[in-house]
Structure formats: structure tokens, C-alpha cells
>>> print(open('coords-v7.pdb').read())   # PDB, C-alpha atoms and all ligand atoms
ATOM      1  CA  MET A 171     101.032 102.047  66.096
ATOM      2  CA  SER A 172     102.563  98.619  66.420
ATOM      3  CA  ILE A 173     101.069  95.955  68.638
ATOM      4  CA  SER A 174     102.739  95.212  71.944
ATOM      5  CA  THR A 175     104.379  91.823  72.352
ATOM      6  CA  ILE A 176     103.998  91.545  76.122
ATOM      7  CA  GLY A 177     101.159  89.664  77.835
ATOM      8  CA  ASN A 178      99.192  91.117  80.723
ATOM      9  CA  GLU A 179     100.536  88.718  83.377
ATOM     10  CA  THR A 180     104.119  89.300  82.327
ATOM     11  CA  ARG A 181     103.695  93.066  82.293
ATOM     12  CA  LEU A 182     101.958  93.081  85.681
ATOM     13  CA  ALA A 183     104.925  91.302  87.299
ATOM     14  CA  THR A 184     107.561  93.668  85.927
ATOM     15  CA  LEU A 185     106.911  96.420  88.466
ATOM     16  CA  ARG A 186     107.901  94.169  91.367
ATOM     17  CA  GLU A 187     110.889  92.984  89.326
ATOM     18  CA  SER A 188     112.009  96.590  88.802
ATOM     19  CA  LEU A 189     111.559  97.374  92.499
ATOM     20  CA  ALA A 190     113.716  94.366  93.394
ATOM     21  CA  ARG A 191     116.395  95.204  90.837
ATOM     22  CA  GLU A 192     116.664  98.991  90.690
ATOM     23  CA  LYS A 193     117.875 101.217  93.496
ATOM     24  CA  LEU A 194     115.233 103.725  92.383
ATOM     25  CA  VAL A 195     112.247 103.135  90.112
ATOM     26  CA  ARG A 196     110.926 106.170  88.226
ATOM     27  CA  ILE A 197     107.580 106.213  86.461
ATOM     28  CA  VAL A 198     105.910 108.932  84.439
ATOM     29  CA  GLU A 199     102.342 109.970  83.790
ATOM     30  CA  VAL A 200     100.947 108.884  80.444
ATOM     31  CA  HIS A 201      97.517 110.085  79.385
ATOM     32  CA  SER A 202      97.468 108.575  75.889
ATOM     33  CA  PRO A 203      99.077 105.848  73.783
ATOM     34  CA  LEU A 204     101.258 108.511  72.123
ATOM     35  CA  ALA A 205     102.506 109.741  75.511
ATOM     36  CA  ALA A 206     103.316 106.137  76.448
ATOM     37  CA  VAL A 207     105.269 105.554  73.241
ATOM     38  CA  ILE A 208     107.276 108.744  73.811
ATOM     39  CA  ALA A 209     107.938 107.932  77.488
ATOM     40  CA  GLU A 210     108.925 104.337  76.813
ATOM     41  CA  HIS A 211     111.485 105.401  74.210
ATOM     42  CA  ALA A 212     112.870 108.360  76.161
ATOM     43  CA  GLN A 213     116.467 108.060  77.310
ATOM     44  CA  GLY A 214     118.599 110.493  79.290
ATOM     45  CA  THR A 215     121.746 111.841  77.687
ATOM     46  CA  GLY A 216     123.961 111.200  80.746
ATOM     47  CA  PRO A 217     126.374 108.278  81.112
ATOM     48  CA  ASP A 218     123.808 106.170  82.985
ATOM     49  CA  LYS A 219     121.303 106.585  80.107
ATOM     50  CA  ARG A 220     118.319 106.939  82.458
ATOM     51  CA  GLU A 221     114.977 105.598  81.354
ATOM     52  CA  PHE A 222     111.488 105.436  82.810
ATOM     53  CA  HIS A 223     110.667 102.064  84.329
ATOM     54  CA  GLY A 224     106.915 102.429  84.056
ATOM     55  CA  PHE A 225     103.806 104.553  83.688
ATOM     56  CA  TRP A 226     101.442 106.405  86.011
ATOM     57  CA  SER A 227      97.761 106.610  85.114
ATOM     58  CA  SER A 228      96.743 109.871  86.788
ATOM     59  CA  SER A 229      93.213 110.805  87.797
ATOM     60  CA  LEU A 230      94.197 114.460  87.336
ATOM     61  CA  THR A 231      95.450 114.156  83.775
ATOM     62  CA  ASP A 232      92.825 111.587  82.700
ATOM     63  CA  SER A 233      90.206 114.113  83.883
ATOM     64  CA  ALA A 234      91.905 117.254  82.535
ATOM     65  CA  LEU A 235      92.374 115.669  79.119
ATOM     66  CA  ARG A 236      88.596 115.387  78.920
ATOM     67  CA  GLY A 237      87.981 118.872  80.254
ATOM     68  CA  LEU A 238      86.725 117.549  83.587
ATOM     69  CA  PRO A 239      87.660 118.330  87.208
ATOM     70  CA  ASP A 240      89.615 115.744  89.212
ATOM     71  CA  VAL A 241      86.727 114.765  91.504
ATOM     72  CA  GLU A 242      86.548 110.970  91.130
ATOM     73  CA  LEU A 243      84.095 111.452  88.288
ATOM     74  CA  LEU A 244      85.581 109.113  85.711
ATOM     75  CA  ASP A 245      84.279 105.592  85.413
ATOM     76  CA  MET A 246      86.989 103.064  86.289
ATOM     77  CA  GLU A 247      86.055 100.683  83.447
ATOM     78  CA  LEU A 248      86.405 103.568  81.029
ATOM     79  CA  ARG A 249      89.841 104.468  82.413
ATOM     80  CA  LEU A 250      90.859 100.815  82.088
ATOM     81  CA  SER A 251      89.772 100.810  78.450
ATOM     82  CA  TRP A 252      92.118 103.769  77.850
ATOM     83  CA  ILE A 253      94.878 101.766  79.561
ATOM     84  CA  ASP A 254      94.167  98.897  77.122
ATOM     85  CA  GLN A 255      94.955 101.320  74.298
ATOM     86  CA  ILE A 256      98.177 102.381  76.023
ATOM     87  CA  PHE A 257      99.147  98.743  76.544
ATOM     88  CA  SER A 258      98.602  97.904  72.878
ATOM     89  CA  VAL A 259     101.616 100.073  71.938
ATOM     90  CA  SER A 260     103.905  99.710  74.958
ATOM     91  CA  THR A 261     105.570  97.192  77.266
ATOM     92  CA  LEU A 262     106.270  99.008  80.556
ATOM     93  CA  PRO A 263     104.282  98.329  83.760
ATOM     94  CA  LEU A 264     101.633 100.778  84.943
ATOM     95  CA  VAL A 265     100.604 102.053  88.361
ATOM     96  CA  MET A 266      97.005 103.245  88.496
ATOM     97  CA  ASP A 267      95.795 106.173  90.529
ATOM     98  CA  GLY A 268      92.684 104.681  92.153
ATOM     99  CA  ASP A 269      91.590 107.905  93.915
ATOM    100  CA  THR A 270      90.003 106.853  97.245
ATOM    101  CA  GLY A 271      89.238 103.366  95.938
ATOM    102  CA  GLY A 272      85.523 104.145  96.337
ATOM    103  CA  GLN A 273      83.374 101.878  98.459
ATOM    104  CA  THR A 274      85.143  98.791  99.781
ATOM    105  CA  LEU A 275      82.869  96.433  97.878
ATOM    106  CA  HIS A 276      83.528  98.331  94.672
ATOM    107  CA  PHE A 277      87.254  98.364  95.385
ATOM    108  CA  GLU A 278      87.377  94.554  95.484
ATOM    109  CA  HIS A 279      85.968  94.464  91.963
ATOM    110  CA  MET A 280      88.277  97.245  90.885
ATOM    111  CA  VAL A 281      91.282  95.200  92.008
ATOM    112  CA  LYS A 282      90.158  92.176  90.016
ATOM    113  CA  ALA A 283      89.488  94.300  86.928
ATOM    114  CA  MET A 284      92.897  95.972  87.144
ATOM    115  CA  GLU A 285      94.695  92.642  87.508
ATOM    116  CA  ARG A 286      92.860  91.209  84.503
ATOM    117  CA  ARG A 287      93.974  94.186  82.421
ATOM    118  CA  GLY A 288      97.649  93.832  83.446
ATOM    119  CA  VAL A 289      97.879  96.848  85.773
ATOM    120  CA  SER A 290     100.734  96.264  88.275
ATOM    121  CA  ALA A 291      99.602  98.363  91.223
ATOM    122  CA  VAL A 292      96.898 100.691  92.449
ATOM    123  CA  VAL A 293      97.412 103.674  94.731
ATOM    124  CA  ILE A 294      94.491 104.596  96.982
ATOM    125  CA  GLU A 295      94.475 107.712  99.146
ATOM    126  CA  ASP A 296      93.260 107.801 102.739
ATOM    127  CA  LYS A 297      90.515 110.353 102.138
ATOM    128  CA  CYS A 298      86.763 109.925 101.946
ATOM    129  CA  GLY A 299      83.688 111.846 100.868
ATOM    130  CA  ALA A 300      83.899 114.290  97.978
ATOM    131  CA  LYS A 301      87.412 113.797  96.622
ATOM    132  CA  ARG A 302      89.315 116.869  95.494
ATOM    133  CA  ASN A 303      92.807 116.952  94.009
ATOM    134  CA  SER A 304      95.454 117.009  96.731
ATOM    135  CA  LEU A 305      97.397 119.874  95.131
ATOM    136  CA  LEU A 306      94.464 122.311  95.266
ATOM    137  CA  PRO A 307      95.367 125.289  97.477
ATOM    138  CA  GLY A 308      93.123 125.939 100.442
ATOM    139  CA  ASP A 309      92.241 124.399 103.784
ATOM    140  CA  GLY A 310      89.333 122.169 104.707
ATOM    141  CA  LEU A 311      88.961 120.706 101.233
ATOM    142  CA  HIS A 312      89.597 117.112 102.236
ATOM    143  CA  THR A 313      88.196 114.609 104.715
ATOM    144  CA  MET A 314      90.457 111.896 106.075
ATOM    145  CA  ALA A 315      89.077 108.361 105.946
ATOM    146  CA  PRO A 316      88.598 106.648 109.315
ATOM    147  CA  VAL A 317      91.646 104.405 109.854
ATOM    148  CA  ASP A 318      89.666 101.201 110.394
ATOM    149  CA  GLU A 319      87.606 101.736 107.229
ATOM    150  CA  PHE A 320      90.677 102.415 105.136
ATOM    151  CA  CYS A 321      92.452  99.368 106.588
ATOM    152  CA  GLU A 322      89.451  97.216 105.752
ATOM    153  CA  LYS A 323      89.548  98.497 102.179
ATOM    154  CA  ILE A 324      93.208  97.521 101.918
ATOM    155  CA  SER A 325      92.767  94.060 103.424
ATOM    156  CA  ARG A 326      89.641  93.279 101.388
ATOM    157  CA  GLY A 327      91.459  94.420  98.247
ATOM    158  CA  LYS A 328      94.418  92.180  99.067
ATOM    159  CA  ALA A 329      92.076  89.234  99.633
ATOM    160  CA  ALA A 330      90.379  89.892  96.283
ATOM    161  CA  GLN A 331      93.493  89.783  94.118
ATOM    162  CA  SER A 332      94.433  86.524  92.463
ATOM    163  CA  SER A 333      98.073  87.107  91.503
ATOM    164  CA  THR A 334     100.845  87.465  94.061
ATOM    165  CA  ASP A 335     102.436  90.332  92.151
ATOM    166  CA  PHE A 336      99.649  92.933  92.135
ATOM    167  CA  MET A 337     100.355  95.711  94.639
ATOM    168  CA  ILE A 338      97.997  97.855  96.682
ATOM    169  CA  ILE A 339      99.791 101.028  97.724
ATOM    170  CA  ALA A 340      98.327 103.218 100.469
ATOM    171  CA  ARG A 341      98.695 106.957 100.017
ATOM    172  CA  LEU A 342      99.190 109.017 103.156
ATOM    173  CA  GLU A 343      97.435 112.370 102.786
ATOM    174  CA  GLY A 344      98.249 113.580 106.299
ATOM    175  CA  LEU A 345     100.816 116.172 105.190
ATOM    176  CA  ILE A 346      98.172 117.585 102.806
ATOM    177  CA  THR A 347      95.457 117.805 105.451
ATOM    178  CA  GLY A 348      97.749 118.864 108.307
ATOM    179  CA  LEU A 349      97.606 115.792 110.541
ATOM    180  CA  PRO A 350     100.106 115.637 113.410
ATOM    181  CA  ARG A 351     103.276 113.718 112.523
ATOM    182  CA  GLN A 352     102.502 110.941 115.011
ATOM    183  CA  GLU A 353      99.084 110.332 113.481
ATOM    184  CA  ILE A 354     100.582 110.002 110.016
ATOM    185  CA  LEU A 355     103.081 107.465 111.366
ATOM    186  CA  ASP A 356     100.331 105.550 113.201
ATOM    187  CA  ARG A 357      98.260 105.455 110.026
ATOM    188  CA  ALA A 358     101.235 104.129 108.075
ATOM    189  CA  ASP A 359     101.732 101.372 110.665
ATOM    190  CA  ALA A 360      98.060 100.421 110.444
ATOM    191  CA  TYR A 361      98.027 100.365 106.638
ATOM    192  CA  VAL A 362     101.114  98.148 106.453
ATOM    193  CA  ALA A 363      99.611  95.829 109.077
ATOM    194  CA  ALA A 364      96.439  95.664 106.935
ATOM    195  CA  GLY A 365      98.523  94.426 103.989
ATOM    196  CA  ALA A 366      99.580  97.546 102.049
ATOM    197  CA  ASP A 367     102.422  96.681  99.677
ATOM    198  CA  GLY A 368     103.769 100.229  99.638
ATOM    199  CA  LEU A 369     103.225 103.727 101.029
ATOM    200  CA  VAL A 370     102.941 107.012  99.150
ATOM    201  CA  LEU A 371     103.898 110.003 101.251
ATOM    202  CA  HIS A 372     102.187 112.903  99.503
ATOM    203  CA  SER A 373     102.681 116.641 100.067
ATOM    204  CA  ARG A 374     101.728 119.881  98.376
ATOM    205  CA  GLY A 375     104.338 122.006 100.128
ATOM    206  CA  SER A 376     107.113 123.511  98.024
ATOM    207  CA  ASP A 377     109.639 122.649 100.749
ATOM    208  CA  GLY A 378     110.681 119.023 100.396
ATOM    209  CA  ALA A 379     112.304 118.924 103.864
ATOM    210  CA  PRO A 380     109.211 117.742 105.813
ATOM    211  CA  VAL A 381     108.682 114.951 103.269
ATOM    212  CA  LEU A 382     112.295 113.791 103.470
ATOM    213  CA  ASP A 383     112.221 113.934 107.261
ATOM    214  CA  LEU A 384     109.055 111.840 107.557
ATOM    215  CA  ALA A 385     110.288 109.432 104.884
ATOM    216  CA  ARG A 386     113.405 108.655 106.962
ATOM    217  CA  GLU A 387     111.194 107.651 109.896
ATOM    218  CA  LEU A 388     108.858 105.596 107.686
ATOM    219  CA  ARG A 389     111.857 103.814 106.168
ATOM    220  CA  ARG A 390     113.145 103.026 109.694
ATOM    221  CA  ARG A 391     109.763 101.608 110.748
ATOM    222  CA  HIS A 392     108.998  99.737 107.539
ATOM    223  CA  PRO A 393     112.307  98.774 105.925
ATOM    224  CA  GLY A 394     110.717  96.229 103.568
ATOM    225  CA  THR A 395     107.888  98.433 102.298
ATOM    226  CA  PRO A 396     108.514 100.513  99.160
ATOM    227  CA  LEU A 397     108.125 104.229  99.835
ATOM    228  CA  VAL A 398     106.719 106.338  97.019
ATOM    229  CA  ALA A 399     107.127 110.082  96.337
ATOM    230  CA  ILE A 400     105.153 112.350  94.004
ATOM    231  CA  PRO A 401     107.472 115.379  93.851
ATOM    232  CA  THR A 402     105.211 117.695  91.831
ATOM    233  CA  ALA A 403     105.110 120.467  94.427
ATOM    234  CA  TYR A 404     108.805 120.207  95.366
ATOM    235  CA  PRO A 405     110.451 119.505  91.986
ATOM    236  CA  SER A 406     113.885 120.812  92.958
ATOM    237  CA  VAL A 407     114.483 117.793  95.203
ATOM    238  CA  THR A 408     116.575 115.304  93.230
ATOM    239  CA  GLU A 409     116.074 111.582  92.793
ATOM    240  CA  GLU A 410     119.308 111.060  94.733
ATOM    241  CA  GLU A 411     117.976 113.053  97.693
ATOM    242  CA  LEU A 412     114.661 111.184  97.600
ATOM    243  CA  HIS A 413     116.470 107.857  97.478
ATOM    244  CA  ALA A 414     118.770 108.833 100.356
ATOM    245  CA  ALA A 415     115.669 109.580 102.479
ATOM    246  CA  GLY A 416     114.265 106.126 101.772
ATOM    247  CA  PHE A 417     112.089 106.475  98.685
ATOM    248  CA  SER A 418     112.342 103.695  96.116
ATOM    249  CA  LEU A 419     109.606 104.718  93.655
ATOM    250  CA  ILE A 420     109.190 108.201  92.187
ATOM    251  CA  ILE A 421     106.077 109.246  90.292
ATOM    252  CA  TYR A 422     106.346 112.128  87.813
ATOM    253  CA  ALA A 423     102.598 112.546  87.983
ATOM    254  CA  ASN A 424     101.493 115.118  85.399
ATOM    255  CA  GLN A 425     104.419 116.639  83.488
ATOM    256  CA  MET A 426     103.597 115.003  80.137
ATOM    257  CA  LEU A 427     100.118 116.538  79.915
ATOM    258  CA  ARG A 428     101.254 119.873  81.361
ATOM    259  CA  ALA A 429     103.924 120.073  78.658
ATOM    260  CA  ALA A 430     101.497 119.171  75.876
ATOM    261  CA  THR A 431      98.951 121.683  77.175
ATOM    262  CA  ARG A 432     101.470 124.513  77.200
ATOM    263  CA  ALA A 433     102.535 123.653  73.625
ATOM    264  CA  MET A 434      98.912 123.587  72.430
ATOM    265  CA  GLU A 435      98.230 126.983  74.026
ATOM    266  CA  GLU A 436     101.342 128.448  72.448
ATOM    267  CA  VAL A 437     100.535 127.068  68.996
ATOM    268  CA  SER A 438      96.950 128.290  69.036
ATOM    269  CA  HIS A 439      98.039 131.823  70.032
ATOM    270  CA  ARG A 440     100.766 131.937  67.393
ATOM    271  CA  ILE A 441      98.374 130.915  64.604
ATOM    272  CA  LEU A 442      95.889 133.590  65.655
ATOM    273  CA  ASP A 443      98.545 136.283  66.124
ATOM    274  CA  HIS A 444     100.257 135.733  62.775
ATOM    275  CA  GLY A 445      97.350 134.617  60.611
ATOM    276  CA  ARG A 446      99.429 131.697  59.371
ATOM    277  CA  ALA A 447     101.140 128.538  60.686
ATOM    278  CA  LEU A 448     104.809 129.381  60.039
ATOM    279  CA  GLU A 449     105.550 130.736  63.539
ATOM    280  CA  ALA A 450     103.622 127.875  65.154
ATOM    281  CA  GLY A 451     105.928 125.396  63.414
ATOM    282  CA  GLU A 452     108.784 126.341  65.752
ATOM    283  CA  VAL A 453     107.003 124.674  68.666
ATOM    284  CA  CYS A 454     105.763 121.653  66.680
ATOM    285  CA  ILE A 455     107.523 118.466  65.703
ATOM    286  CA  GLU A 456     107.744 117.973  61.938
ATOM    287  CA  THR A 457     104.753 116.333  60.260
ATOM    288  CA  SER A 458     107.164 113.733  58.834
ATOM    289  CA  LYS A 459     108.165 112.699  62.380
ATOM    290  CA  LEU A 460     104.532 112.205  63.343
ATOM    291  CA  LEU A 461     103.973 110.181  60.188
ATOM    292  CA  SER A 462     106.936 107.897  60.835
ATOM    293  CA  MET A 463     106.364 107.483  64.560
ATOM    294  CA  PRO A 464     104.460 104.176  64.299
ATOM    295  CA  ASP A 465     107.501 102.660  62.573
ATOM    296  CA  ASP A 466     110.234 104.489  64.475
ATOM    297  CA  LYS A 467     108.841 103.806  67.888
ATOM    298  CA  ARG A 468     107.891 100.173  67.933
ATOM    299  CA  PRO A 469     107.377  98.631  71.374
ATOM    300  CA  ILE A 470     110.768  97.714  72.739
ATOM    301  CA  VAL A 471     111.558  94.070  73.394
ATOM    302  CA  ARG A 472     113.965  94.587  76.273
ATOM    303  CA  ALA A 473     116.775  92.312  77.282
ATOM    304  CA  PRO A 474     116.648  91.592  81.022
ATOM    305  CA  ARG A 475     118.696  94.214  82.880
ATOM    306  CA  ASP A 476     121.620  93.114  85.079
TER
HETATM  307  C1  LIG B   1      97.145 112.454  90.199
HETATM  308  O1  LIG B   1      98.084 112.501  89.383
HETATM  309  O2  LIG B   1      95.969 112.438  89.866
HETATM  310  C2  LIG B   1      97.437 112.387  91.626
HETATM  311  C3  LIG B   1      98.664 113.003  92.133
HETATM  312  O3  LIG B   1      96.615 111.901  92.362
HETATM  313  S1  LIG B   1      98.245 114.617  92.618
HETATM  314  O4  LIG B   1      97.668 115.306  91.478
HETATM  315  O5  LIG B   1      99.486 115.236  93.067
HETATM  316  O6  LIG B   1      97.289 114.528  93.723
HETATM  317 MG    MG B   2      94.746 111.583  91.484
END
>>> encode(input="coords-v7.pdb", output="C-alpha cells")
Amino acid sequence: MSISTIGNETRLATLRESLAREKLVRIVEVHSPLAAVIAEHAQGTGPDKREFHGFWSSSLTDSALRGLPDVELLDMELRLSWIDQIFSVSTLPLVMDGDTGGQTLHFEHMVKAMERRGVSAVVIEDKCGAKRNSLLPGDGLHTMAPVDEFCEKISRGKAAQSSTDFMIIARLEGLITGLPRQEILDRADAYVAAGADGLVLHSRGSDGAPVLDLARELRRRHPGTPLVAIPTAYPSVTEEELHAAGFSLIIYANQMLRAATRAMEEVSHRILDHGRALEAGEVCIETSKLLSMPDDKRPIVRAPRD
């Protein structure tokens, strides 16, 4: 695939630029350079020709792609080396899922390493101990981080960064773990006071109403702080509804790998069922398209948007 023409510092800054320019920034999970090329070139068919403004590096899909559980097992340097490969064929900014951020001392180094590699932002979740994926059904799976410890992690991370553009986004897990509403709001206040550049309000409920309701209050309290949604569990809520409630960044966190996984399952069953590849071809792109993709999908040199 072709080599990207954008430098790390330039790319890093483009997330903040998008947040300042766009009413709503949408980013999508990419687990491979190919996924990034496809996402960067995707365009909606509507009159506004929607595009993705950036990428999400997901701990869930990075782990699943390697057949591993999402339990903070992957080495951060290794994940950054995969991001290098993504960056070599793309130009959009990337937000990294930093799990809990690990130990505070480690997090400071993580921040520096991410900045060096051109990552625009890291999201860290306010949990501690053995991290499990937030969408797992069941109670008692997660332990909330003590507020003061999490705030220290944020402020030490902010002090460690060298650019002004890198963002540390605090992820509120209170709706996942069943914290009272007031405690979630108090945590948000504390994280913003500690220097968080944004807040993710996460939920695994299929009803988006509690998320929208809490978002309105967070927007009222922190009008200058970007609010981030990950609407995996409540996918019927539209971008317009999320924006109206106060969200300015939407993360489509795992759909690219889920789609690829379903296609791979389907293809493998069809080959086995029919004893040939003809029927599998219906769910595959043509070989010729795969062959020409490096030429057809060169990194885009974008004109600045109005
Ligand atoms: C991820 O994509 O790894 C996330 C989002 O952390 S979620 O899976 O919804 O927890
Ligand atoms: Mg994750």
C-alpha cells in the first residue's frame, strides 16, 4: 500500500482541528491497515457525503483479532507498532483505547510514546484491578478506581505530554457498574478539574435514554469539554440525537471487525458445505479489487474543510 504523506505532529493535531470545526466528529474502529484504508475512503451516499474523521484503536478488536480476551493483556508498545502500520497507509487522526492506563508511572510513559507515534488522544477508563470488557453481561465484574488515584493518573499524564494538542479523555464507567447518578457527575467534575480534555460516557444498556439524559447534565456542567459516546449497545440512537444531547465525538468501536468476522464465518461454512468456492464468492470482493486496492486507495491528501 502507498506511503502516507502526513507527519506525526500534523496528524496528531488534526483531531482537535476536527473537534473545533465539525459539529459532530465520528471515528471508526480500525484493527488493520486494510481496515484503515477502507474507512478513510468510505463516503456516505447522502447529500452531505458523510465521512469518518478519524480512527479508534480498540482494545477489544486488537485482542479479538489475535484470538485473545480483552483483559488488558496486550503490550502497549506492540499495539503502537500496529498503529505505525496503519499510519503508513492513512492520514486520519487516531484515538487510542488505553484501557485503565495501567499504573500511573507507566501511564506517563505511555502518553509520551503515543505522542511520539502521532496518536491524537488516549481514552482511559475509571476502573482498576483485573480489567474486563465493559460490554460483558453480568454484575460485579468491574472495580471502580478510587477518584483521587484516577485524578492523579490524569494530571500526571497531562504533565508528561509535550505537545499542546494531545488529549487525555476520561471514560466514565459508572453507568456500567451501577453508580448513583450523583457519583458519576461528581467523578466527571473531578476528572475535568484534574485536566481531562474530554469525557466518555459509556453504557452497555440497550436503552439510550439514560445516556442522553446524563449527557445533557454533563454538557451543562462542562460546556467546553468534548463529550464522547460509544453507541455499541444502543445503536438505534442517531448521531443527530447524540449531538442534541451534547455529544461531539462518536466512536463506532468494533463494527469493522465484527463485519469481517461474520463474513469469514460465512465464507468458511459455504466452502465446506458446497465443496467448492463458487458460493463463497457471493460474500467476497473480487480478487481483482483486492489486487488493485493499493493503487485505487492511495492515502488522501485532503484540502482543508470549510
Ligand atoms: C473497546 O473498543 O475496546 C472499548 C469499547 O473499550 S467497549 O468494547 O464498548 O468497552
Ligand atoms: Mg477497550
>>> residues_around(input="coords-v7.pdb", residues="A:Leu369", least_positions_apart="3", cutoff="12 Å", atoms="only C-alpha atoms", output="VMD selection string")
chain A and resid 291 to 296 324 337 to 343 354 to 355 357 to 363 365 to 366 372 384 to 385 388 to 389 391 to 400 416 to 420
>>> closest_residue(input="coords-v7.pdb", among="A:Glu179, A:Asp309, A:Asp269, A:Asp254", to="ligand LIG 1 (chain B)", atoms="all atoms listed in the file")
A:Asp269
>>> residues_near_ligand(input="coords-v7.pdb", ligand="ligand LIG 1 (chain B)", cutoff="10 Å", atoms="all atoms listed in the file", output="ChimeraX atom specification")
/A:198-199,226-234,240-242,266-270,293-295,302-306,341,343,346,372-374,399-403,421-425
>>> closest_residue(input="coords-v7.pdb", among="A:Glu452, A:Glu210, A:Asp367, A:Asp443", to="A:Ile256", atoms="all atoms listed in the file")
A:Glu210
>>> residues_around(input="coords-v7.pdb", residues="A:Leu182", least_positions_apart="5", cutoff="12 Å", atoms="all atoms listed in the file", output="NGL selection string")
:A and (176-177 or 187-188 or 224-225 or 257 or 261-266 or 284-292 or 333-337)
>>> write_last_selection(input="coords-v7.pdb", atoms="C-alpha atoms", output="CSV table (one decimal), in the coordinates of the input")
chain,number,residue,atom,x,y,z
A,176,ILE,CA,104.0,91.5,76.1
A,177,GLY,CA,101.2,89.7,77.8
A,187,GLU,CA,110.9,93.0,89.3
A,188,SER,CA,112.0,96.6,88.8
A,224,GLY,CA,106.9,102.4,84.1
A,225,PHE,CA,103.8,104.6,83.7
A,257,PHE,CA,99.1,98.7,76.5
A,261,THR,CA,105.6,97.2,77.3
A,262,LEU,CA,106.3,99.0,80.6
A,263,PRO,CA,104.3,98.3,83.8
A,264,LEU,CA,101.6,100.8,84.9
A,265,VAL,CA,100.6,102.1,88.4
A,266,MET,CA,97.0,103.2,88.5
A,284,MET,CA,92.9,96.0,87.1
A,285,GLU,CA,94.7,92.6,87.5
A,286,ARG,CA,92.9,91.2,84.5
A,287,ARG,CA,94.0,94.2,82.4
A,288,GLY,CA,97.6,93.8,83.4
A,289,VAL,CA,97.9,96.8,85.8
A,290,SER,CA,100.7,96.3,88.3
A,291,ALA,CA,99.6,98.4,91.2
A,292,VAL,CA,96.9,100.7,92.4
A,333,SER,CA,98.1,87.1,91.5
A,334,THR,CA,100.8,87.5,94.1
A,335,ASP,CA,102.4,90.3,92.2
A,336,PHE,CA,99.6,92.9,92.1
A,337,MET,CA,100.4,95.7,94.6
>>> closest_atom_pairs(input="coords-v7.pdb", of="stretch 313-412 of chain A", to="stretch 272-280 of chain A", cutoff="12 Å", atoms="only C-alpha atoms", output="Markdown table")
| residue | atom | partner | partner_atom | distance |
| --- | --- | --- | --- | --- |
| A:Ala315 | CA | A:Gly272 | CA | 11.1 |
| A:Asp318 | CA | A:Thr274 | CA | 11.8 |
| A:Glu319 | CA | A:Thr274 | CA | 8.4 |
| A:Phe320 | CA | A:Thr274 | CA | 8.5 |
| A:Cys321 | CA | A:Thr274 | CA | 10.0 |
| A:Glu322 | CA | A:Thr274 | CA | 7.5 |
| A:Lys323 | CA | A:Thr274 | CA | 5.0 |
| A:Ile324 | CA | A:Thr274 | CA | 8.4 |
| A:Ser325 | CA | A:Glu278 | CA | 9.6 |
| A:Arg326 | CA | A:Glu278 | CA | 6.5 |
| A:Gly327 | CA | A:Glu278 | CA | 4.9 |
| A:Lys328 | CA | A:Glu278 | CA | 8.2 |
| A:Ala329 | CA | A:Glu278 | CA | 8.2 |
| A:Ala330 | CA | A:Glu278 | CA | 5.6 |
| A:Gln331 | CA | A:Glu278 | CA | 7.9 |
| A:Ser332 | CA | A:Glu278 | CA | 11.1 |
| A:Ile338 | CA | A:Phe277 | CA | 10.8 |
>>> axis_aligned_box(input="coords-v7.pdb", around="stretch 311-321 of chain A", padding_each_side="5 Å", output="lines of an AutoDock Vina configuration file")
center_x = 90.0
center_y = 110.0
center_z = 105.8
size_x = 14.8
size_y = 31.3
size_z = 19.2
>>> atom_distance(input="coords-v7.pdb", atom1="atom CA of A:Ala430", atom2="atom CA of A:Arg446")
20.8 Å
>>> atom_distance(input="coords-v7.pdb", atom1="atom CA of A:Asp377", atom2="atom CA of A:His201")
27.6 Å
>>> closest_residue(input="coords-v7.pdb", among="A:His413, A:His444, A:Arg351, A:Lys297", to="ligand MG 2 (chain B)", atoms="only C-alpha atoms and all ligand atoms")
A:Lys297
>>> atom_distance(input="coords-v7.pdb", atom1="atom CA of A:Gly271", atom2="atom CA of A:Leu244")
12.3 Å
>>> closest_residue(input="coords-v7.pdb", among="A:Leu461, A:Leu243, A:Val259, A:Leu349", to="ligand MG 2 (chain B)", atoms="only C-alpha atoms and all ligand atoms")
A:Leu243
>>> closest_residue(input="coords-v7.pdb", among="A:Pro307, A:Pro239, A:Gly375, A:Gly299", to="ligand MG 2 (chain B)", atoms="only C-alpha atoms and all ligand atoms")
A:Pro239
>>> closest_residue(input="coords-v7.pdb", among="A:Ile197, A:Ala206, A:Ala190, A:Cys298", to="A:Val317", atoms="all atoms listed in the file")
A:Cys298
